[in-house]
$ cat final30.csv   # CSV, C-alpha atoms
chain,number,residue,atom,x,y,z
H,287,MET,CA,87.7,84.7,-28.2
H,288,ASN,CA,85.0,85.3,-30.8
H,289,SER,CA,86.5,82.4,-32.8
H,290,PHE,CA,86.4,80.1,-29.8
H,291,ARG,CA,82.8,81.2,-29.1
H,292,SER,CA,81.9,80.6,-32.7
H,293,ARG,CA,83.4,77.1,-32.7
H,294,LEU,CA,81.7,76.2,-29.4
H,295,ALA,CA,78.4,77.5,-30.7
H,296,VAL,CA,78.8,75.5,-34.0
H,297,ILE,CA,79.7,72.3,-32.1
H,298,MET,CA,76.6,72.7,-29.8
H,299,ILE,CA,74.3,73.5,-32.7
H,300,VAL,CA,75.6,70.5,-34.8
H,301,LEU,CA,75.2,68.1,-31.9
H,302,THR,CA,71.7,69.4,-31.2
H,303,GLY,CA,70.8,69.1,-34.9
H,304,LEU,CA,72.0,65.6,-35.1
H,305,SER,CA,70.2,64.6,-31.9
H,306,VAL,CA,66.9,66.2,-33.1
H,307,SER,CA,67.2,64.7,-36.6
H,308,ALA,CA,67.9,61.2,-35.1
H,309,ALA,CA,65.0,61.5,-32.7
H,310,GLY,CA,62.6,62.7,-35.5
H,311,LEU,CA,63.7,59.9,-37.9
H,312,PHE,CA,63.1,57.3,-35.2
H,313,MET,CA,59.7,58.8,-34.3
H,314,ALA,CA,58.6,58.9,-37.9
H,315,GLN,CA,59.7,55.3,-38.7
H,316,SER,CA,58.3,54.0,-35.4
H,317,PHE,CA,54.9,55.7,-36.2
H,318,GLU,CA,54.9,54.2,-39.7
H,319,ARG,CA,55.6,50.7,-38.5
H,320,LYS,CA,53.0,50.9,-35.7
H,321,TYR,CA,50.4,52.3,-38.0
H,322,ILE,CA,50.9,49.6,-40.7
H,323,SER,CA,51.0,46.9,-38.0
H,324,ALA,CA,47.8,48.2,-36.4
H,325,LEU,CA,46.1,48.2,-39.8
H,326,GLN,CA,47.2,44.7,-40.5
H,327,GLU,CA,45.9,43.4,-37.1
H,328,ASN,CA,42.6,45.1,-37.8
H,329,MET,CA,42.4,43.4,-41.2
H,330,VAL,CA,43.1,40.0,-39.5
H,331,ARG,CA,40.1,40.6,-37.1
H,332,GLU,CA,37.9,41.5,-40.0
H,333,ILE,CA,38.9,38.3,-41.9
H,334,LYS,CA,38.0,36.2,-38.9
H,335,LEU,CA,34.5,37.8,-38.8
H,336,ILE,CA,34.2,37.1,-42.5
H,337,ILE,CA,35.2,33.4,-42.0
H,338,ASP,CA,32.5,33.0,-39.3
H,339,SER,CA,29.9,34.5,-41.7
H,340,VAL,CA,30.6,32.6,-44.9
H,341,GLU,CA,29.0,29.2,-45.8
H,342,TRP,CA,31.9,27.4,-47.5
H,343,ARG,CA,30.8,25.7,-50.7
H,344,ASP,CA,32.5,23.1,-52.9
H,345,GLY,CA,29.8,22.3,-55.5
H,346,ASN,CA,29.2,23.5,-59.0
H,347,ALA,CA,32.1,25.8,-60.0
H,348,GLY,CA,29.9,28.4,-61.6
H,349,LEU,CA,27.5,28.6,-58.7
H,350,ALA,CA,30.3,28.6,-56.2
H,351,ALA,CA,32.0,31.5,-58.1
H,352,ASP,CA,28.8,33.5,-58.1
H,353,TYR,CA,28.3,32.9,-54.4
H,354,TYR,CA,31.9,33.8,-53.4
H,355,THR,CA,31.8,36.9,-55.7
H,356,GLU,CA,28.6,38.1,-54.1
H,357,ARG,CA,29.9,37.5,-50.6
H,358,ALA,CA,33.2,39.3,-51.5
H,359,ALA,CA,31.2,42.3,-52.8
H,360,HIS,CA,29.1,42.3,-49.7
H,361,PHE,CA,32.0,42.2,-47.3
H,362,LYS,CA,33.8,44.9,-49.2
H,363,GLU,CA,30.9,47.2,-48.4
H,364,VAL,CA,31.3,46.3,-44.7
H,365,THR,CA,35.1,46.5,-44.4
H,366,GLY,CA,36.0,49.0,-47.2
H,367,ALA,CA,38.8,46.6,-48.4
H,368,ARG,CA,39.0,44.4,-51.4
H,369,VAL,CA,38.0,40.8,-50.5
H,370,THR,CA,39.3,37.7,-52.3
H,371,PHE,CA,38.4,34.1,-51.6
H,372,ILE,CA,41.1,31.6,-52.7
H,373,ASP,CA,41.1,27.8,-52.7
H,374,GLY,CA,43.9,25.5,-51.6
H,375,ASP,CA,45.4,25.4,-55.1
H,376,GLY,CA,45.7,29.2,-55.3
H,377,ASP,CA,42.7,29.6,-57.7
H,378,VAL,CA,40.5,32.6,-57.0
H,379,LEU,CA,37.0,31.6,-56.0
H,380,GLY,CA,35.6,35.1,-55.9
H,381,ASP,CA,36.8,38.7,-55.8
H,382,SER,CA,35.0,41.9,-54.9
H,383,ASP,CA,36.8,44.0,-57.5
H,384,PHE,CA,37.7,41.8,-60.5
H,385,ASP,CA,36.3,38.9,-62.4
H,386,GLN,CA,37.7,35.8,-60.7
H,387,SER,CA,37.9,33.9,-64.0
H,388,GLN,CA,40.4,36.5,-65.4
H,389,MET,CA,42.7,36.5,-62.3
H,390,ALA,CA,45.9,34.5,-62.2
H,391,ASN,CA,46.6,31.8,-59.8
H,392,GLN,CA,47.6,33.2,-56.4
H,393,VAL,CA,49.7,30.4,-55.0
H,394,LYS,CA,53.0,32.2,-55.5
H,395,ARG,CA,51.9,35.3,-53.7
H,396,PRO,CA,54.0,35.9,-50.6
H,397,GLU,CA,51.0,36.5,-48.3
H,398,VAL,CA,49.2,33.4,-49.6
H,399,ASN,CA,52.3,31.2,-49.1
H,400,ALA,CA,52.8,32.5,-45.6
H,401,ALA,CA,49.1,32.0,-44.7
H,402,LYS,CA,49.2,28.3,-45.9
H,403,ARG,CA,52.2,27.7,-43.7
H,404,ASN,CA,51.6,29.9,-40.6
H,405,GLY,CA,47.9,30.7,-40.8
H,406,VAL,CA,48.5,34.5,-41.5
H,407,GLY,CA,50.4,36.2,-44.2
H,408,ARG,CA,51.2,39.8,-44.9
H,409,ASP,CA,52.8,41.7,-47.7
H,410,ILE,CA,53.1,45.2,-49.3
H,411,ARG,CA,53.7,45.4,-53.0
H,412,GLU,CA,52.5,47.0,-56.2
H,413,SER,CA,49.3,45.5,-57.5
H,414,GLU,CA,49.6,44.0,-61.0
H,415,THR,CA,46.1,45.1,-61.9
H,416,VAL,CA,46.0,48.7,-60.5
H,417,LYS,CA,49.8,49.5,-60.5
H,418,GLN,CA,49.7,51.0,-57.0
H,419,ASN,CA,51.1,49.9,-53.6
H,420,TRP,CA,48.7,47.6,-51.8
H,421,LEU,CA,48.7,46.1,-48.3
H,422,TYR,CA,47.7,42.4,-48.4
H,423,VAL,CA,46.7,40.2,-45.4
H,424,ALA,CA,45.7,36.6,-46.0
H,425,TYR,CA,44.3,34.1,-43.5
H,426,ALA,CA,44.1,30.3,-43.9
H,427,LEU,CA,41.1,28.4,-42.5
H,428,ARG,CA,43.4,25.4,-41.7
H,429,PRO,CA,47.1,26.3,-41.7
H,430,GLY,CA,49.3,23.5,-43.0
H,431,ALA,CA,46.4,21.7,-44.9
H,432,PRO,CA,47.0,21.6,-48.7
H,433,ASP,CA,43.4,22.2,-49.5
H,434,SER,CA,42.8,24.9,-46.9
H,435,LYS,CA,40.8,27.9,-48.3
H,436,ILE,CA,42.2,31.3,-47.8
H,437,VAL,CA,40.5,34.7,-47.3
H,438,ARG,CA,42.5,37.7,-48.3
H,439,LEU,CA,41.9,41.4,-47.6
H,440,SER,CA,43.8,44.0,-49.6
H,441,MET,CA,43.8,47.7,-49.3
H,442,ASN,CA,45.3,50.5,-51.4
H,443,ILE,CA,47.8,52.2,-49.0
H,444,TYR,CA,48.0,55.4,-51.1
H,445,ASP,CA,46.1,57.3,-48.4
H,446,VAL,CA,48.3,55.7,-45.8
H,447,GLU,CA,51.4,56.8,-47.6
H,448,ARG,CA,50.0,60.2,-48.1
H,449,SER,CA,49.2,60.5,-44.4
H,450,ILE,CA,52.8,59.4,-43.6
H,451,ARG,CA,54.2,62.0,-46.0
H,452,GLU,CA,52.0,64.7,-44.3
H,453,LEU,CA,53.3,63.4,-41.0
H,454,TRP,CA,56.9,63.8,-42.3
H,455,VAL,CA,56.2,67.4,-43.4
H,456,VAL,CA,54.7,68.3,-40.0
H,457,LEU,CA,57.5,66.5,-38.2
H,458,LEU,CA,60.2,68.1,-40.3
H,459,SER,CA,58.6,71.6,-39.8
H,460,GLY,CA,58.5,71.0,-36.0
H,461,LEU,CA,62.1,69.7,-36.0
H,462,LEU,CA,63.2,72.8,-38.0
H,463,LEU,CA,61.6,75.1,-35.4
H,464,LEU,CA,63.0,73.1,-32.6
H,465,PHE,CA,66.5,73.2,-34.3
H,466,ILE,CA,66.2,77.0,-34.6
H,467,PHE,CA,65.2,77.3,-31.0
H,468,ALA,CA,68.0,75.0,-29.9
H,469,ALA,CA,70.5,76.9,-32.0
H,470,ALA,CA,69.6,80.1,-30.3
H,471,ILE,CA,69.8,78.5,-26.9
H,472,SER,CA,73.2,77.0,-27.8
H,473,TYR,CA,74.5,80.4,-28.9
H,474,ARG,CA,73.3,81.9,-25.7
H,475,VAL,CA,75.0,79.2,-23.7
H,476,ALA,CA,78.3,79.7,-25.7
H,477,LEU,CA,78.1,83.4,-25.1
H,478,GLY,CA,77.5,82.8,-21.4
H,479,LEU,CA,80.6,80.6,-21.2
H,480,THR,CA,82.9,82.8,-23.2
H,481,HIS,CA,81.9,86.3,-22.0
H,482,PRO,CA,83.5,85.9,-18.6
H,483,LEU,CA,86.7,84.7,-20.3
H,484,GLU,CA,86.7,87.9,-22.4
H,485,LEU,CA,86.4,90.0,-19.2
H,486,ILE,CA,89.2,88.1,-17.6
H,487,THR,CA,91.4,88.6,-20.7
H,488,ARG,CA,90.8,92.3,-20.8
H,489,VAL,CA,91.6,92.7,-17.1
H,490,ALA,CA,94.8,90.6,-17.6
H,491,LYS,CA,95.9,92.9,-20.4
H,492,ARG,CA,95.3,96.0,-18.2
H,493,ILE,CA,97.4,94.4,-15.4
H,494,LYS,CA,100.1,93.7,-17.9
H,495,ASN,CA,100.0,97.5,-18.7
H,496,MET,CA,100.6,98.2,-15.0
H,497,ASP,CA,97.0,99.1,-14.3
H,498,TYR,CA,96.9,97.2,-11.0
H,499,GLN,CA,93.5,98.6,-10.0
H,500,ALA,CA,91.7,96.5,-12.7
H,501,ARG,CA,89.4,93.9,-11.3
H,502,VAL,CA,87.4,91.0,-12.7
H,503,PRO,CA,83.6,91.2,-11.8
H,504,VAL,CA,82.9,87.8,-10.2
H,505,THR,CA,79.2,86.8,-10.3
H,506,LYS,CA,79.5,83.0,-10.1
H,507,ASN,CA,81.3,80.4,-7.9
H,508,ASP,CA,82.2,78.1,-10.7
H,509,GLU,CA,85.6,77.4,-12.2
H,510,ILE,CA,85.5,80.6,-14.2
H,511,GLY,CA,84.6,82.5,-11.1
H,512,GLU,CA,87.5,81.0,-9.2
H,513,LEU,CA,89.8,82.1,-12.1
H,514,GLY,CA,88.5,85.6,-11.7
H,515,VAL,CA,89.1,85.6,-8.0
H,516,ALA,CA,92.7,84.4,-8.6
H,517,ILE,CA,93.3,87.2,-11.1
H,518,ASN,CA,91.9,89.8,-8.6
H,519,ALA,CA,94.1,88.4,-5.9
H,520,MET,CA,97.2,88.7,-8.1
H,521,ALA,CA,96.2,92.3,-9.0
H,522,GLU,CA,95.9,93.2,-5.4
H,523,SER,CA,99.2,91.6,-4.5
H,524,LEU,CA,100.9,93.5,-7.4
H,525,GLN,CA,99.3,96.7,-6.3
H,526,ASP,CA,100.5,96.3,-2.7
H,527,GLN,CA,104.0,95.6,-3.9
H,528,MET,CA,104.1,98.6,-6.1
H,529,GLN,CA,102.8,100.8,-3.2
H,530,ARG,CA,105.6,99.5,-1.0
H,531,ILE,CA,108.2,100.1,-3.8
H,532,ARG,CA,107.0,103.7,-4.3
H,533,GLN,CA,107.0,104.2,-0.5
H,534,LYS,CA,110.6,103.0,-0.3
H,535,GLU,CA,111.6,105.2,-3.3
H,536,GLY,CA,110.1,108.2,-1.6
H,537,GLN,CA,112.0,107.5,1.6
H,538,LEU,CA,115.2,107.0,-0.3
H,539,GLU,CA,114.7,110.2,-2.2
H,540,SER,CA,114.0,112.1,1.1
H,541,VAL,CA,117.2,110.7,2.7
H,542,LEU,CA,119.3,111.7,-0.4
H,543,ASP,CA,117.8,115.2,-0.6
H,544,ASN,CA,118.6,115.9,3.0
H,545,MET,CA,122.2,114.8,2.9
H,546,ILE,CA,124.9,117.5,3.2
H,547,ASN,CA,127.1,115.7,0.7
H,548,GLY,CA,126.5,115.6,-3.0
H,549,ILE,CA,125.9,112.1,-4.4
H,550,VAL,CA,126.1,111.1,-8.0
H,551,MET,CA,125.4,107.7,-9.5
H,552,ILE,CA,127.0,107.0,-12.9
H,553,ASP,CA,126.7,103.8,-15.0
H,554,LYS,CA,129.6,102.1,-16.7
H,555,SER,CA,129.0,104.1,-19.9
H,556,GLY,CA,129.4,107.4,-18.1
H,557,ARG,CA,125.8,108.4,-18.0
H,558,ILE,CA,124.5,110.1,-14.8
H,559,LEU,CA,121.7,108.1,-13.3
H,560,LEU,CA,121.1,109.9,-10.1
H,561,LEU,CA,121.8,113.3,-8.5
H,562,ASN,CA,120.7,114.5,-5.1
H,563,ARG,CA,119.9,118.1,-4.3
H,564,MET,CA,123.4,118.9,-3.0
H,565,ALA,CA,125.1,117.5,-6.1
H,566,GLU,CA,122.8,119.6,-8.3
H,567,GLU,CA,124.0,122.7,-6.4
H,568,VAL,CA,127.7,121.7,-6.7
H,569,LEU,CA,127.5,120.8,-10.4
H,570,GLY,CA,125.2,123.6,-11.4
H,571,PHE,CA,122.5,121.6,-13.3
H,572,SER,CA,119.4,119.7,-12.2
H,573,ALA,CA,118.7,115.9,-12.3
H,574,ARG,CA,116.1,116.5,-15.0
H,575,GLU,CA,118.8,118.0,-17.3
$ encode --input "final30.csv" --output "structure tokens"
Amino acid sequence: MNSFRSRLAVIMIVLTGLSVSAAGLFMAQSFERKYISALQENMVREIKLIIDSVEWRDGNAGLAADYYTERAAHFKEVTGARVTFIDGDGDVLGDSDFDQSQMANQVKRPEVNAAKRNGVGRDIRESETVKQNWLYVAYALRPGAPDSKIVRLSMNIYDVERSIRELWVVLLSGLLLLFIFAAAISYRVALGLTHPLELITRVAKRIKNMDYQARVPVTKNDEIGELGVAINAMAESLQDQMQRIRQKEGQLESVLDNMINGIVMIDKSGRILLLNRMAEEVLGFSARE
């Protein structure tokens, strides 16, 4: 019974652990996706505000670079993100963090390509300049136009990843506590299911040993309770039958003892099985002997 209880408890604990783990993994991944998505949408709104505030210039390259660089630096102070202005060919017009003349052409960047086609492009990758994961969001002024200028915001997501890692730690700690609590509950449930069966088994063994007064304590009306009632009914029936048998044996013994004739019962091997009182007097030894 202990083995059955252990197996039942292990099965319930494993199922609970798998359920809790799956739920925790889904929650963490869902939170990460929603957090990144909300951050990207916020960056798109900031880009639209930047576009409305910028005077787009196409004159002298040097003057235009100074202007866009100054504007990029200004908007970085406002948004807290790196700001990059890109022309339709992918050349950098101005950047808030780096010298635009030293920056490579951006036309092959995934977010820039997507912005030129669809208006908005997003990407997460390792920056070639700072060697850390960055979130990029680009927005085209005129999607589909080859010469459309693009504004890009980029943000180091190290803090975001750290927050997500901290969330994982908190979530895993909570899941561990929940698992321990669920394991304790599962063991209690297994104990509650198997303990009545142990009682029924002990009573059945007593009945087998002819202790017909043994009874199963029935406290519930479920299937186990019905089994206990059936065991008790069987014990009562056996007890009644044994009482009737003993009563008939007593009556038979009284009849034999009061007969005037001696009666002896012998089996086929010659062993005496029964003597009444008169037979004892005639033969000169008792039935016990």
$ atom_distance --input "final30.csv" --atom1 "CA of Ala476 in chain H" --atom2 "CA of Leu294 in chain H"
6.1 Å
$ atom_distance --input "final30.csv" --atom1 "CA of Ser305 in chain H" --atom2 "CA of His481 in chain H"
26.6 Å
$ residues_around --input "final30.csv" --residues "range 419-433 of chain H" --least-positions-apart "4" --cutoff "10 Å" --atoms "only C-alpha atoms" --output "PyMOL selection string"
chain H and resi 322+325-330+333-334+337+367-376+395-414+437-444+446-447
$ closest_residue --input "final30.csv" --among "H:Met389, H:Leu464, H:Val378, H:Gly536" --to "Gly303 in chain H" --atoms "all atoms listed in the file"
H:Leu464
$ closest_residue --input "final30.csv" --among "H:His360, H:Leu453, H:Leu458, H:Asp377" --to "Ala309 in chain H" --atoms "only C-alpha atoms"
H:Leu458
$ build_atoms --input "final30.csv" --residues "range 515-526 of chain H" --atoms "all heavy atoms" --output "CSV table (one decimal), in the coordinates of the input"
chain,number,residue,atom,x,y,z
H,515,VAL,N,88.6,85.3,-9.3
H,515,VAL,CA,89.1,85.6,-8.0
H,515,VAL,C,90.6,85.5,-7.9
H,515,VAL,O,91.3,86.4,-7.3
H,515,VAL,CB,88.5,84.6,-7.0
H,515,VAL,CG1,89.1,84.7,-5.6
H,515,VAL,CG2,87.0,84.8,-6.9
H,516,ALA,N,91.2,84.5,-8.6
H,516,ALA,CA,92.7,84.4,-8.6
H,516,ALA,C,93.3,85.6,-9.3
H,516,ALA,O,94.4,86.1,-8.8
H,516,ALA,CB,93.1,83.1,-9.3
H,517,ILE,N,92.7,86.0,-10.4
H,517,ILE,CA,93.3,87.2,-11.1
H,517,ILE,C,93.2,88.5,-10.2
H,517,ILE,O,94.1,89.3,-10.2
H,517,ILE,CB,92.5,87.5,-12.4
H,517,ILE,CG1,92.7,86.3,-13.4
H,517,ILE,CG2,92.9,88.8,-13.1
H,517,ILE,CD1,94.1,86.2,-14.0
H,518,ASN,N,92.1,88.6,-9.5
H,518,ASN,CA,91.9,89.8,-8.6
H,518,ASN,C,92.9,89.7,-7.5
H,518,ASN,O,93.5,90.8,-7.1
H,518,ASN,CB,90.5,89.8,-8.1
H,518,ASN,CG,89.4,90.1,-9.1
H,518,ASN,OD1,89.8,90.7,-10.2
H,518,ASN,ND2,88.2,89.8,-8.9
H,519,ALA,N,93.1,88.5,-7.0
H,519,ALA,CA,94.1,88.4,-5.9
H,519,ALA,C,95.5,88.8,-6.4
H,519,ALA,O,96.3,89.4,-5.7
H,519,ALA,CB,94.1,87.0,-5.3
H,520,MET,N,95.9,88.3,-7.6
H,520,MET,CA,97.2,88.7,-8.1
H,520,MET,C,97.3,90.2,-8.3
H,520,MET,O,98.3,90.8,-8.0
H,520,MET,CB,97.3,87.9,-9.5
H,520,MET,CG,98.7,88.2,-10.2
H,520,MET,SD,98.8,87.5,-11.8
H,520,MET,CE,97.6,88.5,-12.7
H,521,ALA,N,96.2,90.8,-8.8
H,521,ALA,CA,96.2,92.3,-9.0
H,521,ALA,C,96.4,93.0,-7.7
H,521,ALA,O,97.2,94.0,-7.6
H,521,ALA,CB,95.0,92.7,-9.7
H,522,GLU,N,95.7,92.6,-6.7
H,522,GLU,CA,95.9,93.2,-5.4
H,522,GLU,C,97.3,93.0,-4.8
H,522,GLU,O,97.9,94.0,-4.2
H,522,GLU,CB,94.9,92.6,-4.4
H,522,GLU,CG,93.4,92.9,-4.7
H,522,GLU,CD,92.4,92.2,-3.8
H,522,GLU,OE1,92.9,91.5,-2.9
H,522,GLU,OE2,91.2,92.4,-3.9
H,523,SER,N,97.9,91.8,-5.0
H,523,SER,CA,99.2,91.6,-4.5
H,523,SER,C,100.2,92.5,-5.3
H,523,SER,O,101.1,93.1,-4.6
H,523,SER,CB,99.6,90.1,-4.8
H,523,SER,OG,101.0,89.9,-4.4
H,524,LEU,N,100.1,92.6,-6.6
H,524,LEU,CA,100.9,93.5,-7.4
H,524,LEU,C,100.8,95.0,-6.9
H,524,LEU,O,101.7,95.7,-6.9
H,524,LEU,CB,100.7,93.3,-8.8
H,524,LEU,CG,101.1,92.0,-9.5
H,524,LEU,CD1,100.6,91.9,-10.9
H,524,LEU,CD2,102.6,91.8,-9.4
H,525,GLN,N,99.5,95.4,-6.7
H,525,GLN,CA,99.3,96.7,-6.3
H,525,GLN,C,99.9,97.0,-4.9
H,525,GLN,O,100.5,98.1,-4.8
H,525,GLN,CB,97.7,97.0,-6.2
H,525,GLN,CG,97.4,98.4,-5.9
H,525,GLN,CD,95.8,98.6,-5.9
H,525,GLN,OE1,95.1,97.6,-5.9
H,525,GLN,NE2,95.4,99.8,-6.0
H,526,ASP,N,99.8,96.1,-4.0
H,526,ASP,CA,100.5,96.3,-2.7
H,526,ASP,C,102.0,96.4,-2.9
H,526,ASP,O,102.7,97.2,-2.2
H,526,ASP,CB,100.1,95.1,-1.7
H,526,ASP,CG,98.7,95.2,-1.3
H,526,ASP,OD1,98.1,96.2,-1.5
H,526,ASP,OD2,98.2,94.1,-0.9
